[in-house]
Amino acid sequence: MAFGDLLEQVGSTGRFQILHVTLLCMPVLMMASHNLLQNFVANVPPHYCSAHRNLSGSPLSPQDTLLITVPLDKSGKPERCQRYVAPQWHLLEKNGTSSPEEERDAEDGFDIDLQGCTDGWSYNMTEMTSTIISDWHLVCDLRPLKEMGQTVYMGGVLVGAMVFGSLSDRYGRRILLLISNLLMAVGGTCAAFSTSFSLFCLFRFVCGMALSGLGLNSFSLIVEWIPTRVRTVVGTGTGYCYTMGQLILAAIAYFIRDWRWLTLAVSLPFYVSFLYSWWFLESARWLVLNNKSEQAIKNLKSVARVNGRCEEGDKIDIEMLQESMKKEMSCSRGNYSILDLLRTPTMRKMTICLSAVWLSTSFAYYGLAMDLQKFGVDIYLIQVIFGAVDIPAKVVITVSMSFYGRRLSQCAALILSGVTILANLLVPYEQQTVRTCLAVIGKGCLAASFNCCYLYAGELFPTVIRQNGMGWVSMTARVGAMVAPMVLLAGDYIAWLPGLIYGAAPILSGVAAIFLPETLGSPLPDTIQDVEDRKNRKTREKKHKRV
């Protein structure tokens, strides 16, 4: 008897599993809100230098004050980071009689001195009533701090993956899930009431760590309490919860335009999930592997009671439980480390190619998803479109993986996303509809790539080091997400450079994915030797076909 048979005995798809999976998926809806929160709380409003202090009591209208205070840029809009050293009263005489170009030529002729915004900035708060940009003046020389905020958050996600991943194997999934929910709720609340940008980054780092803990432990508790036959369906449903979370964020942000209240609104639900998480049962698999068989039996009997199978649950004893987990217990006694990912030539090539796939997918995904303002479209609308495109993208990639295989699907998703991003560089800025359509296709392809690489990597790594392998590629993805916001700063010097980097990365990794073996219809490898044997077997098959 395997553990799956034991699970069937107490009910594998009964009331317990439905309630269990539903409650675990609720926080997933809000995880996207924290991942993409920066799009709204760090929205950069139109801004220009505030008027000179001696003009504060002037009877001039705001338009006239702006005219004599701030010069125009090449596009005829007020400069964002410079103003006149002294008010240019002579421009009032020309107001309404000359074009912006003529006024700018006149300024060049006068050789007027300019200075920075020594009296601060004025903001046009039409999309948000306040953001961290307007509250802490993260513009001009401090503009890089905006991208730094998202990088710090993604750094928290990276650290959280390493910390919570090892702690959950030692102390259990349930307790770490409780801690993660509480951390997310408290960290988000503190971020909402931060009095400085440094404190905001600190608490966002905490939120990033908590998000990793939530993702890892929720997924483990879901998978370890359901049978193998429904894992694909449940996994897909969980993925769609994240997609729906992107749409929920757009709706919440549309009605809550203040960044503090918005941050609080997407954090408060985690207090609720913290409270009901006490109901969750610890994974019976984890309990047995950690010599807590008696508690595992109690949990299995609780599941049987909820599913209406009390008599079947009462038949379970320690001997039956340990017999069902014999294979897992023997595998857990092996001493494997992350270095085993590089031990053999086949494992080395596979690990390097998968690392490139995961890093570039995450890098390009967050490069697109975290810079909505550049499309010149309403940010609430573009967030909805970017979220909705994931739905058909995941359906298409799932069908493609089933009919055409994992490798071809992975390569196609990455290369197509890179091509659309690069194509966007050739479209004039004025053609916003075309630019937005290309970006949406690119984002959909990257969402499809994410869907594919999770399944593909799980099928490529052998059982004995699957957790190590998945942990490694997940870490490379988070490194890509950390670097992505900082690449945007290169646009201050060369406007097209970020797009070139975001487009080239997935194309290169798409080429690297060609060297991965196909896994469609293949059994999962259990040992490193199985991986080598699969490589040798396919080599022999190719030689046989040539003969």
# chains A, B, ... in the order shown; residues from 1 in each chain; ligands from 1
$ residues_around --residues "range 118-130 of chain A" --least-positions-apart "4" --cutoff "8 Å" --atoms "only C-alpha atoms" --output "JSON, numbers by chain"
{"A": [40, 41, 43, 45, 46, 47, 48, 49, 50, 51, 52, 53, 134, 135, 137, 257, 258, 259]}
$ write_last_selection --atoms "N, CA, C and O atoms" --output "CSV table (one decimal), in the first residue's frame"
chain,number,residue,atom,x,y,z
A,40,PHE,N,1.2,51.1,-8.7
A,40,PHE,CA,0.3,52.1,-8.2
A,40,PHE,C,0.8,53.0,-7.1
A,40,PHE,O,0.7,54.2,-7.2
A,41,VAL,N,1.4,52.4,-6.1
A,41,VAL,CA,1.9,53.2,-5.0
A,41,VAL,C,3.1,54.0,-5.4
A,41,VAL,O,3.5,55.0,-4.8
A,43,ASN,N,3.5,55.2,-8.6
A,43,ASN,CA,3.1,55.8,-9.9
A,43,ASN,C,3.7,57.2,-9.9
A,43,ASN,O,3.6,58.0,-8.9
A,45,PRO,N,3.6,60.8,-10.9
A,45,PRO,CA,2.7,61.8,-11.5
A,45,PRO,C,3.5,62.9,-12.3
A,45,PRO,O,4.7,63.1,-12.0
A,46,PRO,N,2.8,63.6,-13.2
A,46,PRO,CA,3.5,64.7,-13.9
A,46,PRO,C,3.9,65.7,-12.8
A,46,PRO,O,3.1,66.0,-11.9
A,47,HIS,N,5.1,66.2,-13.0
A,47,HIS,CA,5.6,67.2,-11.9
A,47,HIS,C,6.5,68.2,-12.5
A,47,HIS,O,7.1,68.0,-13.7
A,48,TYR,N,6.7,69.3,-11.8
A,48,TYR,CA,7.6,70.3,-12.2
A,48,TYR,C,8.0,71.1,-11.0
A,48,TYR,O,7.5,70.9,-9.9
A,49,CYS,N,9.1,71.9,-11.1
A,49,CYS,CA,9.6,72.7,-10.0
A,49,CYS,C,8.5,73.6,-9.4
A,49,CYS,O,7.8,74.3,-10.1
A,50,SER,N,8.5,73.7,-8.1
A,50,SER,CA,7.6,74.7,-7.4
A,50,SER,C,8.1,76.1,-7.7
A,50,SER,O,9.3,76.3,-7.9
A,51,ALA,N,7.2,77.0,-7.6
A,51,ALA,CA,7.5,78.4,-7.8
A,51,ALA,C,8.4,79.0,-6.7
A,51,ALA,O,8.5,78.4,-5.6
A,52,HIS,N,9.1,80.1,-7.0
A,52,HIS,CA,10.0,80.7,-6.1
A,52,HIS,C,9.2,81.2,-4.9
A,52,HIS,O,8.0,81.5,-5.0
A,53,ARG,N,9.8,81.2,-3.7
A,53,ARG,CA,9.1,81.5,-2.5
A,53,ARG,C,8.5,82.9,-2.5
A,53,ARG,O,7.4,83.2,-2.0
A,134,SER,N,5.3,61.3,-4.7
A,134,SER,CA,4.9,62.6,-4.3
A,134,SER,C,5.2,62.9,-2.8
A,134,SER,O,5.5,64.0,-2.4
A,135,ASP,N,5.0,61.9,-2.0
A,135,ASP,CA,5.2,62.1,-0.5
A,135,ASP,C,6.7,62.3,-0.2
A,135,ASP,O,7.0,63.1,0.7
A,137,HIS,N,9.2,62.8,-2.6
A,137,HIS,CA,9.9,63.5,-3.7
A,137,HIS,C,11.0,62.6,-4.4
A,137,HIS,O,12.1,63.0,-4.5
A,257,ARG,N,-7.3,55.6,-4.2
A,257,ARG,CA,-6.3,56.3,-4.9
A,257,ARG,C,-5.1,56.8,-4.0
A,257,ARG,O,-4.2,57.4,-4.5
A,258,ASP,N,-5.2,56.6,-2.7
A,258,ASP,CA,-4.2,56.9,-1.8
A,258,ASP,C,-3.3,55.7,-1.5
A,258,ASP,O,-3.7,54.7,-1.2
A,259,TRP,N,-2.0,55.9,-1.7
A,259,TRP,CA,-1.1,54.8,-1.6
A,259,TRP,C,-1.1,54.1,-0.2
A,259,TRP,O,-0.9,52.9,-0.1
$ residues_around --residues "range 305-321 of chain A" --least-positions-apart "3" --cutoff "8 Å" --atoms "only C-alpha atoms" --output "PyMOL selection string"
chain A and resi 3+6+9-11+14-16+288+293-294+297+300-302+324-325
$ residues_around --residues "Leu264 in chain A" --least-positions-apart "4" --cutoff "10 Å" --atoms "only C-alpha atoms" --output "PyMOL selection string"
chain A and resi 185-193+259-260+268-269
$ write_last_selection --atoms "all heavy atoms" --output "compact mmCIF listing (two decimals), in the first residue's frame"
# COMPACT_ATOMS: atom_id res chain seq x y z
N ALA A 185 0.74 40.38 6.92
CA ALA A 185 -0.24 41.33 7.43
C ALA A 185 0.43 42.47 8.18
O ALA A 185 0.16 43.66 7.92
CB ALA A 185 -1.22 40.60 8.35
N VAL A 186 1.34 42.13 9.08
CA VAL A 186 2.01 43.16 9.89
C VAL A 186 2.97 43.99 9.04
O VAL A 186 3.02 45.22 9.15
CB VAL A 186 2.78 42.50 11.06
CG1 VAL A 186 3.61 43.53 11.81
CG2 VAL A 186 1.80 41.83 12.02
N GLY A 187 3.73 43.31 8.15
CA GLY A 187 4.66 44.04 7.28
C GLY A 187 3.94 45.01 6.37
O GLY A 187 4.38 46.15 6.19
N GLY A 188 2.81 44.59 5.78
CA GLY A 188 2.03 45.47 4.91
C GLY A 188 1.43 46.64 5.67
O GLY A 188 1.42 47.77 5.18
N THR A 189 0.94 46.37 6.89
CA THR A 189 0.37 47.45 7.72
C THR A 189 1.43 48.48 8.07
O THR A 189 1.19 49.69 7.98
CB THR A 189 -0.25 46.87 9.00
OG1 THR A 189 -1.24 45.90 8.65
CG2 THR A 189 -0.88 47.96 9.83
N CYS A 190 2.60 48.00 8.47
CA CYS A 190 3.69 48.92 8.83
C CYS A 190 4.17 49.70 7.61
O CYS A 190 4.50 50.89 7.72
CB CYS A 190 4.85 48.15 9.45
SG CYS A 190 4.49 47.44 11.06
N ALA A 191 4.20 49.05 6.44
CA ALA A 191 4.60 49.76 5.22
C ALA A 191 3.62 50.89 4.91
O ALA A 191 4.01 51.97 4.46
CB ALA A 191 4.67 48.79 4.04
N ALA A 192 2.32 50.63 5.15
CA ALA A 192 1.30 51.64 4.88
C ALA A 192 1.46 52.87 5.75
O ALA A 192 1.11 53.98 5.33
CB ALA A 192 -0.10 51.04 5.07
N PHE A 193 2.00 52.70 6.95
CA PHE A 193 2.15 53.83 7.87
C PHE A 193 3.61 54.27 8.03
O PHE A 193 3.96 54.94 9.00
CB PHE A 193 1.56 53.47 9.25
CG PHE A 193 0.07 53.28 9.22
CD1 PHE A 193 -0.48 52.00 9.24
CD2 PHE A 193 -0.78 54.37 9.14
CE1 PHE A 193 -1.86 51.82 9.20
CE2 PHE A 193 -2.16 54.20 9.09
CZ PHE A 193 -2.70 52.92 9.12
N TRP A 259 -1.95 55.91 -1.66
CA TRP A 259 -1.06 54.76 -1.60
C TRP A 259 -1.06 54.09 -0.23
O TRP A 259 -0.90 52.86 -0.12
CB TRP A 259 0.36 55.16 -1.99
CG TRP A 259 1.16 55.89 -0.95
CD1 TRP A 259 1.28 57.24 -0.79
CD2 TRP A 259 1.98 55.31 0.07
NE1 TRP A 259 2.09 57.54 0.26
CE2 TRP A 259 2.54 56.37 0.81
CE3 TRP A 259 2.29 54.00 0.45
CZ2 TRP A 259 3.40 56.17 1.90
CZ3 TRP A 259 3.13 53.78 1.52
CH2 TRP A 259 3.68 54.86 2.24
N ARG A 260 -1.24 54.87 0.83
CA ARG A 260 -1.22 54.27 2.17
C ARG A 260 -2.45 53.38 2.38
O ARG A 260 -2.34 52.24 2.86
CB ARG A 260 -1.18 55.37 3.24
CG ARG A 260 0.13 56.16 3.25
CD ARG A 260 0.18 57.16 4.40
NE ARG A 260 1.37 57.99 4.34
CZ ARG A 260 2.56 57.65 4.84
NH1 ARG A 260 2.70 56.47 5.44
NH2 ARG A 260 3.59 58.46 4.76
N LEU A 268 -4.66 43.83 4.82
CA LEU A 268 -5.61 43.43 5.87
C LEU A 268 -6.17 42.01 5.68
O LEU A 268 -6.38 41.30 6.68
CB LEU A 268 -6.76 44.43 5.95
CG LEU A 268 -6.41 45.81 6.53
CD1 LEU A 268 -7.64 46.72 6.52
CD2 LEU A 268 -5.86 45.68 7.95
N PRO A 269 -6.45 41.54 4.44
CA PRO A 269 -6.98 40.17 4.29
C PRO A 269 -6.08 39.09 4.88
O PRO A 269 -6.57 38.01 5.24
CB PRO A 269 -7.10 40.01 2.77
CG PRO A 269 -7.30 41.39 2.27
CD PRO A 269 -6.44 42.26 3.15
$ closest_residue --among "A:Val159, A:Leu37, A:Val303, A:Cys117" --to "Leu19 in chain A" --atoms "only C-alpha atoms"
A:Val303
$ residues_around --residues "Arg173 in chain A" --least-positions-apart "2" --cutoff "8 Å" --atoms "only C-alpha atoms" --output "list of chain:residue names"
A:Ser168, A:Asp169, A:Tyr171, A:Ile175, A:Leu176, A:Leu177, A:Asn217, A:Ser218, A:Ser220, A:Leu221, A:Glu282, A:Ser283
$ write_last_selection --atoms "N, CA and C atoms" --output "short mmCIF file (atom, residue, chain, number, x, y, z; two decimals), in the first residue's frame"
data_model
loop_
_atom_site.label_atom_id
_atom_site.label_comp_id
_atom_site.auth_asym_id
_atom_site.auth_seq_id
_atom_site.Cartn_x
_atom_site.Cartn_y
_atom_site.Cartn_z
N SER A 168 10.64 25.16 6.66
CA SER A 168 9.42 24.36 6.53
C SER A 168 9.74 22.87 6.52
N ASP A 169 10.90 22.49 5.98
CA ASP A 169 11.30 21.08 6.02
C ASP A 169 11.65 20.65 7.44
N TYR A 171 10.52 22.41 10.52
CA TYR A 171 9.48 22.66 11.53
C TYR A 171 8.06 22.42 11.03
N ILE A 175 3.02 25.63 10.64
CA ILE A 175 3.51 26.71 11.51
C ILE A 175 4.17 27.81 10.69
N LEU A 176 4.88 27.42 9.62
CA LEU A 176 5.51 28.43 8.77
C LEU A 176 4.48 29.20 7.96
N LEU A 177 3.37 28.55 7.61
CA LEU A 177 2.29 29.24 6.91
C LEU A 177 1.65 30.28 7.83
N ASN A 217 4.69 27.17 1.29
CA ASN A 217 3.97 26.32 2.24
C ASN A 217 2.53 26.07 1.81
N SER A 218 1.90 27.04 1.15
CA SER A 218 0.55 26.79 0.64
C SER A 218 0.59 25.70 -0.42
N SER A 220 2.84 23.33 -0.81
CA SER A 220 3.17 22.04 -0.20
C SER A 220 1.95 21.43 0.47
N LEU A 221 1.19 22.23 1.22
CA LEU A 221 0.01 21.71 1.91
C LEU A 221 -1.08 21.28 0.93
N GLU A 282 -1.47 19.70 9.68
CA GLU A 282 -0.11 19.51 9.18
C GLU A 282 -0.09 18.33 8.20
N SER A 283 0.81 18.40 7.22
CA SER A 283 0.94 17.34 6.23
C SER A 283 1.28 16.02 6.90
#
$ closest_residue --among "A:Leu138, A:Val234, A:Val531, A:Met26" --to "Tyr276 in chain A" --atoms "only C-alpha atoms"
A:Met26
$ select_by_dssp --residues "range 118-296 of chain A" --states "strand (DSSP E or B)" --output "number ranges by chain"
A: 121-123, 130, 258
$ write_last_selection --atoms "all heavy atoms" --output "short mmCIF file (atom, residue, chain, number, x, y, z; two decimals), in the first residue's frame"
data_model
loop_
_atom_site.label_atom_id
_atom_site.label_comp_id
_atom_site.auth_asym_id
_atom_site.auth_seq_id
_atom_site.Cartn_x
_atom_site.Cartn_y
_atom_site.Cartn_z
N TRP A 121 8.78 70.38 -5.49
CA TRP A 121 8.07 70.08 -6.74
C TRP A 121 6.56 70.22 -6.54
O TRP A 121 6.04 70.11 -5.43
CB TRP A 121 8.34 68.65 -7.20
CG TRP A 121 9.73 68.42 -7.69
CD1 TRP A 121 10.17 68.44 -8.99
CD2 TRP A 121 10.89 68.14 -6.90
NE1 TRP A 121 11.52 68.19 -9.05
CE2 TRP A 121 11.99 67.99 -7.78
CE3 TRP A 121 11.12 67.98 -5.53
CZ2 TRP A 121 13.27 67.71 -7.34
CZ3 TRP A 121 12.39 67.71 -5.09
CH2 TRP A 121 13.46 67.58 -6.00
N SER A 122 5.88 70.49 -7.63
CA SER A 122 4.42 70.47 -7.66
C SER A 122 3.99 69.29 -8.53
O SER A 122 4.61 69.01 -9.56
CB SER A 122 3.88 71.78 -8.26
OG SER A 122 4.23 72.87 -7.43
N TYR A 123 2.93 68.59 -8.09
CA TYR A 123 2.51 67.36 -8.75
C TYR A 123 1.08 67.48 -9.27
O TYR A 123 0.22 68.11 -8.64
CB TYR A 123 2.60 66.17 -7.79
CG TYR A 123 3.99 65.91 -7.27
CD1 TYR A 123 4.43 66.51 -6.08
CD2 TYR A 123 4.87 65.10 -7.96
CE1 TYR A 123 5.71 66.28 -5.60
CE2 TYR A 123 6.16 64.86 -7.48
CZ TYR A 123 6.57 65.46 -6.30
OH TYR A 123 7.84 65.23 -5.83
N SER A 130 -2.19 60.38 -3.82
CA SER A 130 -0.84 60.45 -3.27
C SER A 130 -0.10 59.17 -3.59
O SER A 130 -0.72 58.10 -3.71
CB SER A 130 -0.87 60.67 -1.74
OG SER A 130 -1.24 59.49 -1.08
N ASP A 258 -5.23 56.55 -2.71
CA ASP A 258 -4.16 56.95 -1.78
C ASP A 258 -3.27 55.75 -1.52
O ASP A 258 -3.75 54.67 -1.16
CB ASP A 258 -4.77 57.46 -0.47
CG ASP A 258 -3.70 57.93 0.51
OD1 ASP A 258 -3.09 57.06 1.18
OD2 ASP A 258 -3.47 59.15 0.60
#
$ residues_around --residues "range 413-417 of chain A" --least-positions-apart "6" --cutoff "8 Å" --atoms "only C-alpha atoms" --output "count of residues only"
16
$ residues_around --residues "Pro71 in chain A" --least-positions-apart "5" --cutoff "7 Å" --atoms "only C-alpha atoms" --output "JSON, numbers by chain"
{"A": [78, 79, 83, 84]}
$ closest_residue --among "A:Arg80, A:Ile132, A:Leu287, A:His90" --to "Asp64 in chain A" --atoms "only C-alpha atoms"
A:His90
